[in-house]
There are 4 protein chains.
Amino acid sequence: MLVVMQAHATEEQVRAVCQKIESLGYRAHPMPGATRTAIGITGNQGEVEQGTLEDTPGVQEVIRVSKPYKLVSRDVKEENTVVRFAGTPATIGGKNFAIIAGPCAIETREQAFAVAEAVHRSGAQFFRGGAYKPRTSPYTFQGLGEKGLQIMAEIRDRFGLKIITEAIDNESLELVNEYADVIQIGTRNMQNFSLLKRAGRCRKPVLLKRGMSATLEEFFMAAEYIMSEGNYNVILCERGVRTFADHTRNTLDLSLVPAVQRLSHLPIVVDPSHGTGKRNKVTPMSRAAAAVGADGIIVEVHNQPDKALSDGPQSLYPEQFEELMTQVRQIAAVVGREIVGIGPQSPVSTTLAAATVPTSVR
Amino acid sequence: MLVVMQAHATEEQVRAVCQKIESLGYRAHPMPGATRTAIGITGNQGEVEQGTLEDTPGVQEVIRVSKPYKLVSRDVKEENTVVRFAGTPATIGGKNFAIIAGPCAIETREQAFAVAEAVHRSGAQFFRGGAYKPRTSPYTFQGLGEKGLQIMAEIRDRFGLKIITEAIDNESLELVNEYADVIQIGTRNMQNFSLLKRAGRCRKPVLLKRGMSATLEEFFMAAEYIMSEGNYNVILCERGVRTFADHTRNTLDLSLVPAVQRLSHLPIVVDPSHGTGKRNKVTPMSRAAAAVGADGIIVEVHNQPDKALSDGPQSLYPEQFEELMTQVRQIAAVVGREIVGIGPQSPVSTTLAAATVPTSVR
Amino acid sequence: MLVVMQAHATEEQVRAVCQKIESLGYRAHPMPGATRTAIGITGNQGEVEQGTLEDTPGVQEVIRVSKPYKLVSRDVKEENTVVRFAGTPATIGGKNFAIIAGPCAIETREQAFAVAEAVHRSGAQFFRGGAYKPRTSPYTFQGLGEKGLQIMAEIRDRFGLKIITEAIDNESLELVNEYADVIQIGTRNMQNFSLLKRAGRCRKPVLLKRGMSATLEEFFMAAEYIMSEGNYNVILCERGVRTFADHTRNTLDLSLVPAVQRLSHLPIVVDPSHGTGKRNKVTPMSRAAAAVGADGIIVEVHNQPDKALSDGPQSLYPEQFEELMTQVRQIAAVVGREIVGIGPQSPVSTTLAAATVPTSVR
Amino acid sequence: MLVVMQAHATEEQVRAVCQKIESLGYRAHPMPGATRTAIGITGNQGEVEQGTLEDTPGVQEVIRVSKPYKLVSRDVKEENTVVRFAGTPATIGGKNFAIIAGPCAIETREQAFAVAEAVHRSGAQFFRGGAYKPRTSPYTFQGLGEKGLQIMAEIRDRFGLKIITEAIDNESLELVNEYADVIQIGTRNMQNFSLLKRAGRCRKPVLLKRGMSATLEEFFMAAEYIMSEGNYNVILCERGVRTFADHTRNTLDLSLVPAVQRLSHLPIVVDPSHGTGKRNKVTPMSRAAAAVGADGIIVEVHNQPDKALSDGPQSLYPEQFEELMTQVRQIAAVVGREIVGIGPQSPVSTTLAAATVPTSVR
């Protein structure tokens with residue numbers, strides 16, 4: 001169910017409607033738009049009785065949302081969600097084409113800084129790196145844990161890059177929420193509903209990767225799990241699906257981008273590194289991602305790919321990333337996007353707190 | 001790495017080798033076999049220096065296991081794993097063809113008992129039912145939680161059926177480990193490595209369902225996560241994979257059964273209910289599962305499928321399950337299996353503790 | 001559209017209705033059943049005006065068939081189609097569980113006779129072998145052509161085995177139609193509509209293999225192409241589909257068998273050799289095929305698999321086939337099927353003509 | 001096997017080597033390059049004895065090609081193949097980004113001319129349209145046949161658009177070869193090896209569409225079938241593969257483009273219309289195809305999509321195609337391509353013969 005407020009409804013009236021919804025035992029999700037506010041109702045089994053709500057002051061109409069996903073849907077919020085971050089002009093969604101780059105895993109302070117320095121120089125705005133790695137084998141490198149998070153926090157201070165890193169369970173989620181700017185939920189956890197709900201109770205934006213064989217509806221429902229807990233800053237990420245094809249590790253499904261944009265207001269970025277698994281396909285597929293209209297890319301870069309502890313074959317050399325940026329910048333311009341600069345690296349660290357409060361304009 | 005002990009090695013010697021392995025900073029997994037004990041070594045990056053171990057009394061040889069999975073492999077343990085339960089002749093693995101049946105979700109005490117009574121009468125040995133449901137939508141029935149577990153414990157007392165139910169996160173795992181006889185890890189959590197490790201630290205057997213697009217090696221590696229923590233009672237479960245085909249909800253991949261049996265000692269059961277998603281295909285595919293050589297089936301039965309809160313269309317009516325049992329019993333006999341009886345329902349409840357300690361012959 | 005005749009309608013009346021249909025510019029397909037005859041109408045764009053037909057003597061009703069496939073459907077013909085052959089009790093469909101066996105390709109007279117002798121001795125009823133091979137590479141063995149067909153005709157004379165072999169284009173179709181008892185249309189040609197139509201104008205039964213990624217509806221529509229030309233003796237064959245799974249060459253989709261049987265009257269057999277691509281999985285999957293209720297199996301056997309010119313790794317040794325037969329025979333009995341004997345090999349050849357006229361009871 | 005000639009080898013010497021190869025019972029495929037000629041050898045089972053050939057004047061070396069595809073491979077021909085057509089600067093391959101547009105099927109002269117006029121005006125260089133339609137159902141529109149070809153020949157005369165149309169069997173191939181500029185082999189016939197060989201004996205370029213579940217190697221082997229018969233002007237076409245995903249009709253696999261370009265010299269174009277099956281995704285995916293580096297696109301346009309006899313939902317309106325061209329032109333420029341103009345429509349028809357002889361620079 002969705003309550004559409006009148007254009008001139010006051011904040012007071014919006015609050016009153018939310019209280020009424022909560023008093024009926026449901027959950028209210030106010031979604032301010034450019035011209036009016038909509039309030040999503042969740043927690044109802046079946047239909048909410050419309051009468052009471054429609055008579056409340058400021059309400060224009062109460063409508064039924066027939067899709068299984070609600071808060072994700074454009075029916076509930078027409079304008080695109082733009083995820084913003086304090087202290088930087090770089091957004092995810094909106095005019096900026098977001099560039100997220102970094103190594104698969106944080107291995108050492110030296111490695112992480114070397115990569116961060118390189119990607120910052122080439123124009124990246126966000127730094128990605130794994131501190132907790134969901135590895136197929138229990139016997140391989142599982143990440144540095146909190147030490148990795150601390151290194152990334154230092155990188156934010158030094159370079160002004162916002163930090164994106166994966167949480168794999170409750171413990172790591174708590175720490176990632178503390179240290180990072182964006183919480184990543186990985187492919188293998190796309191339907192770890194318990195983790196999704198907890199991420200929904202965090203106040204940092206969540207980058208949600210598509211499951212290996214997730215349909216669009218399942219992907220939306222996973223995002224809905226996060227949003228239904230009150231965290232509306234969800235960034236979707238296409239990272240390739242599993243098919244019979246063997247010329248790439250996964251099949252990068254770029255048609256998902258216009259499909260998402262038609263039905264949802266959430267931003268969507270593309271991961272050509274996991275999407276192809278092969279270094280030589282990352283740049284062409286990054287160009288394609290920009291051309292198709294994605295809101296950004298997330299790319300693996302390593303200073304010494306041959307020595308990487310994970311995913312070396314798909315990591316770009318810094319000079320390849322530099323070249324990628326040159327090409328992607330031009331394609332982005334054609335589709336009306338730009339890659340905003342985030343300025344030079346800081347001589348002095350700023351406090352973490354100030355730098356990491358995300359704000360979202362909806 | 002794998003240490004093969006001499007046939008006449010003493011328990012003392014096995015213990016001494018384990019201690020030596022642990023003192024080198026690795027983990028030792030003793031696997032007693034019919035004629036000799038093998039000791040798996042995990043936790044090593046690269047090869048363990050063989051010299052020290054080979055010179056230890058009772059050691060026959062130290063060999064390298066080249067597959068990424070080790071404890072799962074027949075190289076480490078040649079004889080089939082048979083999962084046994086106190087107080088019942090019904091095993092999973094071994095000569096018994098295990099029959100696991102019950103509703104998708106525990107909805108009410110009445111519903112659960114009605115289904116339990118029916119499946120017990122038809123010859124089921126294990127009762128399945130969900131107390132924690134990983135549902136695609138946050139807005140649908142999520143299970144009764146601990147109350148559901150309590151109902152199932154009562155069912156065990158009354159009917160002698162052993163209980164299998166799913167854990168979806170740390171909290172539910174703790175409770176499932178307390179109440180149930182077998183911990184189920186579902187399809188969506190097959191690569192929730194954090195949960196797998198915790199299940200590996202439980203002492204109850206684990207039924208691990210194949211992920212929707214998991215390769216055999218990934219499936220084995222997920223089992224390896226559990227075993228590497230010391231829980232060797234893992235039961236694999238084929239439940240259909242996701243393909244383009246649309247005449248069933250998933251494509252049940254029965255060829256996985258001989259593929260598993262060739263490479264691993266672990267038992268494997270088949271879920272024709274989720275594997276097809278359609279009631280009318282459950283009985284034919286159950287017959288096929290028995291014929292292909294699986295160690296059992298896990299089947300959804302509901303007393304009122306049309307009113308089921310989840311998965312109604314794939315749940316059998318009790319009389320259909322009765323008919324299924326008649327057919328499967330005959331097929332099982334052809335392949336040298338039998339479905340052992342577990343006796344009449346108890347007039348008086350026995351204590352839970354005694355009934356639920358699983359023991360495994362390896 | 002479908003005209004259902006009255007139970008007591010005369011053959012004369014059926015003929016008259018057919019003539020009326022043809023005079024309207026459509027095509028009539030009379031399908032005699034146990035209690036009444038139905039007449040399928042094809043060639044109509046949209047609905048046929050019902051009035052004229054309903055008033056014709058002997059007509060009970062004219063009904064619309066809403067599925068895209070018509071002649072394939074049980075709506076048009078309720079009883080199972082049983083494909084019969086002159087001079088042998090072995091049918092495809094009906095009570096007999098059909099055993100089709102032989103080498104992938106006919107390589108030499110010696111090889112073909114050695115395999116035929118072995119499979120005949122073990123109880124096979126049909127001999128398969130490729131004279132025209134659709135090979136992925138233009139540089140590999142493409143089959144012996146007409147010489148291969150002649151060898152198979154000799155095998156029929158000697159052993160009484162009916163012959164099934166693949167046609168790959170117009171030229172080979174003409175020859176296969178002349179020499180063989182069943183025309184096989186292979187996986188890669190399932191949507192070679194031009195070839196399907198020509199096979200529909202042949203008077204020999206057609207064994208149609210499912211395409212590598214064909215849905216059930218597409219498979220039915222391919223059969224419909226054959227039937228729409230007047231050849232109603234179509235035998236469907238599940239041979240595995242292409243998925244991400246890599247433990248077998250294809251994923252054998254046994255759930256297709258009950259799905260076909262629910263919607264269509266056509267017989268369906270299973271090919272576990274191409275379906276798995278691995279010798280050690282052929283016998284278990286053959287048992288499963290019998291258990292699921294298929295109408296037969298088609299299995300590759302070679303006297304020297306290691307020297308086979310194609311598909312060696314999936315071909316059984318003769319003694320493995322003997323063992324397979326023992327097991328399958330028992331499973332078939334459980335599901336109410338039997339494998340009928342075709343008698344000893346002939347000392348003297350009989351004429352080809354008499355042996356190969358197929359007749360079909362519908 | 002591959003014979004690499006010396007840089008200064010004469011045409012005479014090339015001819016002599018070819019004759020020697022043919023005299024050994026093999027087939028010679030001379031492939032002139034920028035600096036030297038290579039001669040592919042096919043028809044050999046195993047290795048050709050190298051001695052004789054290496055001693056022939058002009059030969060630099062004889063090397064073994066280990067890949068199963070040979071003539072397709074960059075090992076045999078390093079420079080990109082550019083398919084050229086008499087009387088137009090529009091190439092497929094090379095600097096031009098080829099624009100192929102038109103209706104799914106030729107329905108009437110009026111419809112075809114209306115679409116041709118519109119796409120010509122927007123800058124298309126090639127006109128596509130089906131005269132022979134491989135339809136899933138035998139009861140739907142199968143194309144106008146030769147009449148459709150005649151209409152397309154008129155369109156070439158009037159607008160200067162080169163004609164691409166599908167052949168589905170021997171009969172249609174003969175006519176398509178006569179009337180069209182490029183012979184299309186469709187998805188369903190990608191492994192109709194008999195048709196591929198015949199297309200290889202035609203002298204018109206062949207546009208070969210990827211099969212619904214074809215791997216890259218199978219796709220290359222299909223092209224090899226054509227080339228092994230002497231027709232080296234093969235254009236590959238990615239048109240989406242079949243997966244579990246349901247937000248588009250097929251999953252367009254753009255990563256195939258860089259994969260093809262790495263291993264083969266053949267041009268590759270992309271079909272976003274069949275690749276997505278949805279009008280609203282055609283323009284974004286066309287931009288992505290240009291960005292990823294494809295050699296062109298093939299797009300369905302219809303003057304009245306709602307009345308189209310086939311594939312209406314994926315056909316663009318003329319004004320949408322106009323907008324697509326504006327966008328694609330800019331993206332193509334970024335990756336160093338341009339869409340060359342073919343000039344205004346002709347007032348007077350030119351003779352067909354002169355217009356349709358394709359020449360290829362290799």
# chains A, B, ... in the order shown; residues from 1 in each chain; ligands from 1

call {"tool": "residues_around", "arguments": {"residues": "Val17 in chain B", "least_positions_apart": "4", "cutoff": "8 Å", "atoms": "only C-alpha atoms", "output": "JSON, numbers by chain"}}
result
{"B": [13, 21, 53, 56]}

call {"tool": "closest_atom_pairs", "arguments": {"of": "chain A", "to": "chain B", "cutoff": "6 Å", "atoms": "only C-alpha atoms", "output": "CSV"}}
result
residue,atom,partner,partner_atom,distance
A:Ser137,CA,B:Met221,CA,5.7
A:Pro138,CA,B:Tyr225,CA,5.5
A:Arg188,CA,B:Gln191,CA,5.7
A:Gln191,CA,B:Arg188,CA,5.7
A:Met221,CA,B:Ser137,CA,5.7
A:Tyr225,CA,B:Pro138,CA,5.5

call {"tool": "residues_around", "arguments": {"residues": "range 70-79 of chain C", "least_positions_apart": "3", "cutoff": "6 Å", "atoms": "only C-alpha atoms", "output": "number ranges by chain"}}
result
C: 224, 263-265

call {"tool": "select_by_dssp", "arguments": {"residues": "range 15-116 of chain B", "states": "strand (DSSP E)", "output": "list in words"}}
result
Arg27, Ala28, His29, Pro30, Met31, Pro32, Thr37, Ala38, Ile39, Gly40, Ile41, Thr42, Val59, Gln60, Glu61, Val62, Ile63, Val82, Val83, Arg84, Phe85, Ala98, Ile99, Ile100, Ala101 and Gly102 of chain B

call {"tool": "write_last_selection", "arguments": {"atoms": "N, CA and C atoms", "output": "CSV table (one decimal), in the first residue's frame"}}
result
chain,number,residue,atom,x,y,z
B,27,ARG,N,45.8,-28.3,11.6
B,27,ARG,CA,44.7,-29.0,12.2
B,27,ARG,C,44.6,-30.4,11.8
B,28,ALA,N,44.4,-31.3,12.7
B,28,ALA,CA,44.4,-32.8,12.4
B,28,ALA,C,42.9,-33.3,12.4
B,29,HIS,N,42.6,-34.1,11.4
B,29,HIS,CA,41.2,-34.7,11.3
B,29,HIS,C,41.3,-36.2,11.2
B,30,PRO,N,41.3,-36.9,12.3
B,30,PRO,CA,41.4,-38.4,12.2
B,30,PRO,C,40.2,-39.0,11.6
B,31,MET,N,40.3,-39.9,10.7
B,31,MET,CA,39.2,-40.5,10.0
B,31,MET,C,39.3,-42.0,10.1
B,32,PRO,N,38.8,-42.7,11.1
B,32,PRO,CA,39.0,-44.1,11.2
B,32,PRO,C,38.3,-44.8,10.1
B,37,THR,N,43.4,-46.1,9.8
B,37,THR,CA,43.0,-44.7,10.1
B,37,THR,C,43.7,-43.8,9.2
B,38,ALA,N,43.1,-42.8,8.6
B,38,ALA,CA,43.8,-41.7,7.9
B,38,ALA,C,43.6,-40.4,8.7
B,39,ILE,N,44.6,-39.5,8.6
B,39,ILE,CA,44.5,-38.3,9.3
B,39,ILE,C,44.6,-37.1,8.3
B,40,GLY,N,43.6,-36.4,8.1
B,40,GLY,CA,43.6,-35.2,7.2
B,40,GLY,C,44.3,-34.1,7.9
B,41,ILE,N,45.1,-33.3,7.1
B,41,ILE,CA,45.7,-32.1,7.7
B,41,ILE,C,45.2,-30.9,6.9
B,42,THR,N,44.6,-30.0,7.7
B,42,THR,CA,44.2,-28.7,7.0
B,42,THR,C,44.9,-27.6,7.8
B,59,VAL,N,53.0,-44.4,11.3
B,59,VAL,CA,52.7,-43.8,10.1
B,59,VAL,C,53.2,-44.6,8.9
B,60,GLN,N,52.3,-44.9,8.0
B,60,GLN,CA,52.7,-45.6,6.8
B,60,GLN,C,53.2,-44.7,5.7
B,61,GLU,N,52.4,-43.7,5.4
B,61,GLU,CA,52.9,-42.7,4.4
B,61,GLU,C,52.1,-41.4,4.5
B,62,VAL,N,52.8,-40.3,4.0
B,62,VAL,CA,52.2,-39.0,4.0
B,62,VAL,C,52.0,-38.6,2.5
B,63,ILE,N,50.7,-38.4,2.1
B,63,ILE,CA,50.5,-38.1,0.7
B,63,ILE,C,49.8,-36.8,0.5
B,82,VAL,N,28.3,-43.1,7.1
B,82,VAL,CA,26.9,-43.5,7.5
B,82,VAL,C,26.6,-42.7,8.7
B,83,VAL,N,25.6,-41.9,8.6
B,83,VAL,CA,25.2,-41.0,9.7
B,83,VAL,C,24.1,-41.8,10.5
B,84,ARG,N,24.5,-42.0,11.8
B,84,ARG,CA,23.6,-42.8,12.7
B,84,ARG,C,23.0,-42.0,13.8
B,85,PHE,N,21.9,-42.4,14.3
B,85,PHE,CA,21.2,-41.7,15.4
B,85,PHE,C,20.9,-42.6,16.5
B,98,ALA,N,16.9,-43.5,3.3
B,98,ALA,CA,16.3,-42.5,4.3
B,98,ALA,C,15.0,-41.8,3.7
B,99,ILE,N,14.0,-41.8,4.5
B,99,ILE,CA,12.8,-41.1,4.1
B,99,ILE,C,12.5,-39.9,5.0
B,100,ILE,N,12.7,-38.7,4.5
B,100,ILE,CA,12.5,-37.5,5.3
B,100,ILE,C,11.3,-36.8,4.7
B,101,ALA,N,10.3,-36.6,5.5
B,101,ALA,CA,9.0,-36.0,5.0
B,101,ALA,C,8.5,-35.1,6.0
B,102,GLY,N,7.6,-34.2,5.6
B,102,GLY,CA,7.0,-33.2,6.4
B,102,GLY,C,6.6,-32.0,5.7

call {"tool": "select_by_dssp", "arguments": {"residues": "range 131-242 of chain A", "states": "alpha helix (DSSP H)", "output": "ChimeraX atom specification"}}
result
/A:146-159,170-179,193-200,216-227

call {"tool": "residues_around", "arguments": {"residues": "Ser310 in chain A", "least_positions_apart": "5", "cutoff": "12 Å", "atoms": "only C-alpha atoms", "output": "NGL selection string"}}
result
:A and (103-107 or 129-130 or 133-137 or 140-143 or 274 or 277 or 300-302 or 304-305 or 315)

call {"tool": "residues_around", "arguments": {"residues": "Val119 in chain D", "least_positions_apart": "4", "cutoff": "10 Å", "atoms": "only C-alpha atoms", "output": "PyMOL selection string"}}
result
chain D and resi 99-102+113-115+123-127+159+161+301-302+318-319+321-322+325

call {"tool": "closest_residue", "arguments": {"among": "A:Ala7, A:Leu196, A:Leu208, A:Ala291", "to": "Thr35 in chain A", "atoms": "only C-alpha atoms"}}
result
A:Ala7

call {"tool": "atom_distance", "arguments": {"atom1": "CA of Leu24 in chain C", "atom2": "CA of Ala308 in chain D"}}
result
26.4 Å

call {"tool": "closest_residue", "arguments": {"among": "B:Ile164, B:Val292, B:Leu309, B:Ala34", "to": "Val334 in chain B", "atoms": "only C-alpha atoms"}}
result
B:Val292
